[in-house]
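The structure appears right after this line, and notes come after that.
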Amino acid sequence: MRNDHSTPRPGGGSAAVLSSLVRRLHPLDWLAAGLLLAGLLAAVTGLLPAGPAADQMRRIGPLLAFLATVIVMAELAGRAQVFDVVAALVARAGRGRYALLFGLCVAFASLTTITLNLDTTAVLLTPVMLALGTRVGIAGVPLAMTTVWLANTASLLLPVSNLTNLLAADRVALSPAGLASVMWLPQLAAIGVTALCLWVFYWRRGRRGAERYTPPALPVPGDPVLLRICAVACVGFLVAILAVDVPLWSASLAAMVVVVAAFAVRRREELRLSLVPWRLLVLVPGMFLVVETVNAHGLHELLVRALGSDNGFLGMLRSAGVGAGLANVLNNLPAYVAGEAVIPAGNHDQLLALLIGVNAGSVVTPWGSLATLLWFERCRQQGTRIALGRFVLTGLVLAVTATAAATCALALVT
């Protein structure tokens with residue numbers, strides 16, 4: 001007779017753990033791992049020459065450091081209820097009037113994207129906004145669309161707002177204040193067009209599902225001291241990147257250390273390795289290596305013809321349009337990397353127009369940006385259904401109008 005309490009076979013426990021881990025992997029995890037593996041194989045086999053591969057890895061090192069630290073900081077700030085308190089304050093400031101709430105939500109989502117990056121908006125602000133909608137009786141879809149559209153179109157102003165901005169600022173040698181001095185009008189134009197499209201397609205009467213709402217009570221923080229420390233760290237991070245000439249990764253690292261230290265003292269159990277955005281840290285280098293490989297085998301020549309070398313207004317419109325199209329076919333990050341490699345070194349206006357296209361124009365397809373993919377997953381987890389056909393059609397209108405408006409605004413300030 002079989003003994004049910006017999007000793008497990010050697011390796012059986014490890015195999016079970018491995019099988020469990022594999023089952024828990026998200027499709028985006030498989031995508032990230034596949035891209036990294038493809039990129040490494042290209043480098044090992046010589047499809048991607050060693051020199052360009054090493055250059056790309058050196059270039060993205062500071063980007064990965066920034067990405068890891070800022071997302072950990074933002075995730076812990078969210079757990080400390082920083083975003084919940086701000087969202088409740090926004091809803092209370094709306095006084096039950098939809099038009100006022102709409103303007104405040106646009107401002108809130110824009111500010112979060114500009115200062116903490118689009119992925120933070122997608123990951124942290126989406127569930128906060130959807131929960132807010134549930135508490136005050138607001139339809140979820142208008143709030144969700146406000147988050148995802150502004151996560152993309154409001155990511156033009158600062159290097160911190162988008163990984164593509166970090167690359168562009170490095171290419172044109174602009175500090176955070178320098179990039180903001182050039183992109184402030186394009187950013188306002190993109191946000192203005194986005195607000196108009198949001199109102200027409202999702203927020204106007206008949207779309208939002210109610211005439212008024214009841215302002216919510218302020219949430220009671222579980223740990224007021226932790227809330228204040230995290231809020232101060234976030235503000236300090238913003239001051240550091242705007243007023244002090246320090247590398248972005250060092251500012252985000254310092255803010256993260258403060259937040260992590262506060263959690264270590266007050267809520268140590270929440271400090272886990274799962275806070276680190278492993279998927280992004282695998283996906284980004286994989287994207288860079290794969291795009292560099294494709295560039296070396298034909299994409300570069302196609303983009304030379306598509307983008308041209310005109311640094312004037314028509315060349316800017318052309319670059320923005322190609323960037324928006326390519327972002328929705330591939331993804332905004334590899335689209336920017338591929339386009340940047342083609343644009344002549346001195347064509348700063350053309351390069352910034354490409355940046356507008358890949359950021360503001362990447363709102364048509366679910367894979368146009370990683371933030372949009374993350375947003376779709378958050379909506380699914382919260383039970384909010386997004387009609388894909390309507391998402392694509394309204395996103396197409398926004399992509400065309402926001403990209404054109406921001407590019408025209410760029411031509412006025414350069």
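Identifiers in the structure tokens: chain A, B, ... in order shown; residue index from 1 per chain; ligand index from 1 in order shown.
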
Spatial neighbours of Ser161 in chain A, max dist 6 Å, only C-alpha atoms, sep filter under 3 positions, as a PyMOL selection string: chain A and resi 113-114+117+155+158

Spatial neighbours of Ala406 in chain A, 10 Å, only C-alpha atoms, chain gap at least 4 places, as a ChimeraX atom specification: /A:153,156,183-193,317,320,353,356-357,360,401-402,410-412

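Going from CA of Val136 in chain A over to CA of Thr214 in chain A, you cover 5.6 Å.
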
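Taking CA of Gly133 in chain A and CA of Gly389 in chain A as the two end points, the separation is 23.1 Å.
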
Counting only C-alpha atoms, the option among A:Asn311, A:Thr120, A:Thr147, A:Gln56 closest to Thr194 in chain A: A:Thr147

Selection near range 262-274 of chain A, 9 Å with only C-alpha atoms, sequence-local residues under 5 positions removed, as an MDAnalysis selection string: chainID A and resid 76 79:80 223 225:226 229:230 257

Those residues you just picked out, can you put them in a file as a compact mmCIF listing (two decimals), in the first residue's frame with N, CA, C and O atoms?
# COMPACT_ATOMS: atom_id res chain seq x y z
N LEU A 76 5.25 52.92 -3.14
CA LEU A 76 5.15 53.04 -1.68
C LEU A 76 4.38 54.30 -1.28
O LEU A 76 3.62 54.28 -0.30
N ARG A 79 0.85 53.38 -1.42
CA ARG A 79 0.44 52.57 -0.28
C ARG A 79 0.31 53.40 0.99
O ARG A 79 -0.46 53.05 1.89
N ALA A 80 1.05 54.50 1.05
CA ALA A 80 0.93 55.41 2.18
C ALA A 80 -0.29 56.33 2.05
O ALA A 80 -0.50 57.19 2.90
N ASP A 223 -1.64 55.61 8.65
CA ASP A 223 -0.44 56.04 9.35
C ASP A 223 -0.13 57.47 8.90
O ASP A 223 0.53 57.69 7.89
N VAL A 225 1.91 59.71 9.98
CA VAL A 225 3.33 60.04 9.92
C VAL A 225 3.94 59.54 8.62
O VAL A 225 4.67 60.25 7.92
N LEU A 226 3.62 58.31 8.25
CA LEU A 226 4.13 57.74 7.00
C LEU A 226 3.62 58.52 5.80
O LEU A 226 4.36 58.77 4.84
N ILE A 229 5.66 61.77 5.54
CA ILE A 229 7.04 61.54 5.09
C ILE A 229 7.07 61.27 3.59
O ILE A 229 7.90 61.82 2.86
N CYS A 230 6.16 60.43 3.11
CA CYS A 230 6.13 60.10 1.68
C CYS A 230 5.75 61.31 0.84
O CYS A 230 6.29 61.52 -0.25
N VAL A 257 15.08 56.23 -1.11
CA VAL A 257 15.73 55.84 0.15
C VAL A 257 14.95 56.38 1.35
O VAL A 257 14.74 55.68 2.35

Interatomic distance, CA of Gly39 in chain A to CA of Ala371 in chain A (Å, one decimal): 22.0 Å

Option closest in space to Val148 in chain A, from A:Val90, A:Cys379, A:Leu35, A:Leu396 [counting only C-alpha atoms]: A:Cys379

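Residue nearest Arg59 in chain A, chosen from A:Leu289, A:Ala131, A:Leu198, A:Leu116 and counting only C-alpha atoms: A:Leu289.
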
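Among the candidate residues A:Gly46, A:Cys408, A:Leu374, A:Ser175, the one lying nearest to Leu28 in chain A is A:Leu374, with distances computed using only C-alpha atoms.
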
Near-Ala107 in chain A list (10 Å; only C-alpha atoms; drop same-chain fewer than 3 positions) as a list of chain:residue names: A:Val90, A:Leu101, A:Phe102, A:Gly103, A:Leu104, A:Ser110, A:Leu111, A:Thr112, A:Thr113, A:Leu150, A:Ala154, A:Ile191, A:Ala195
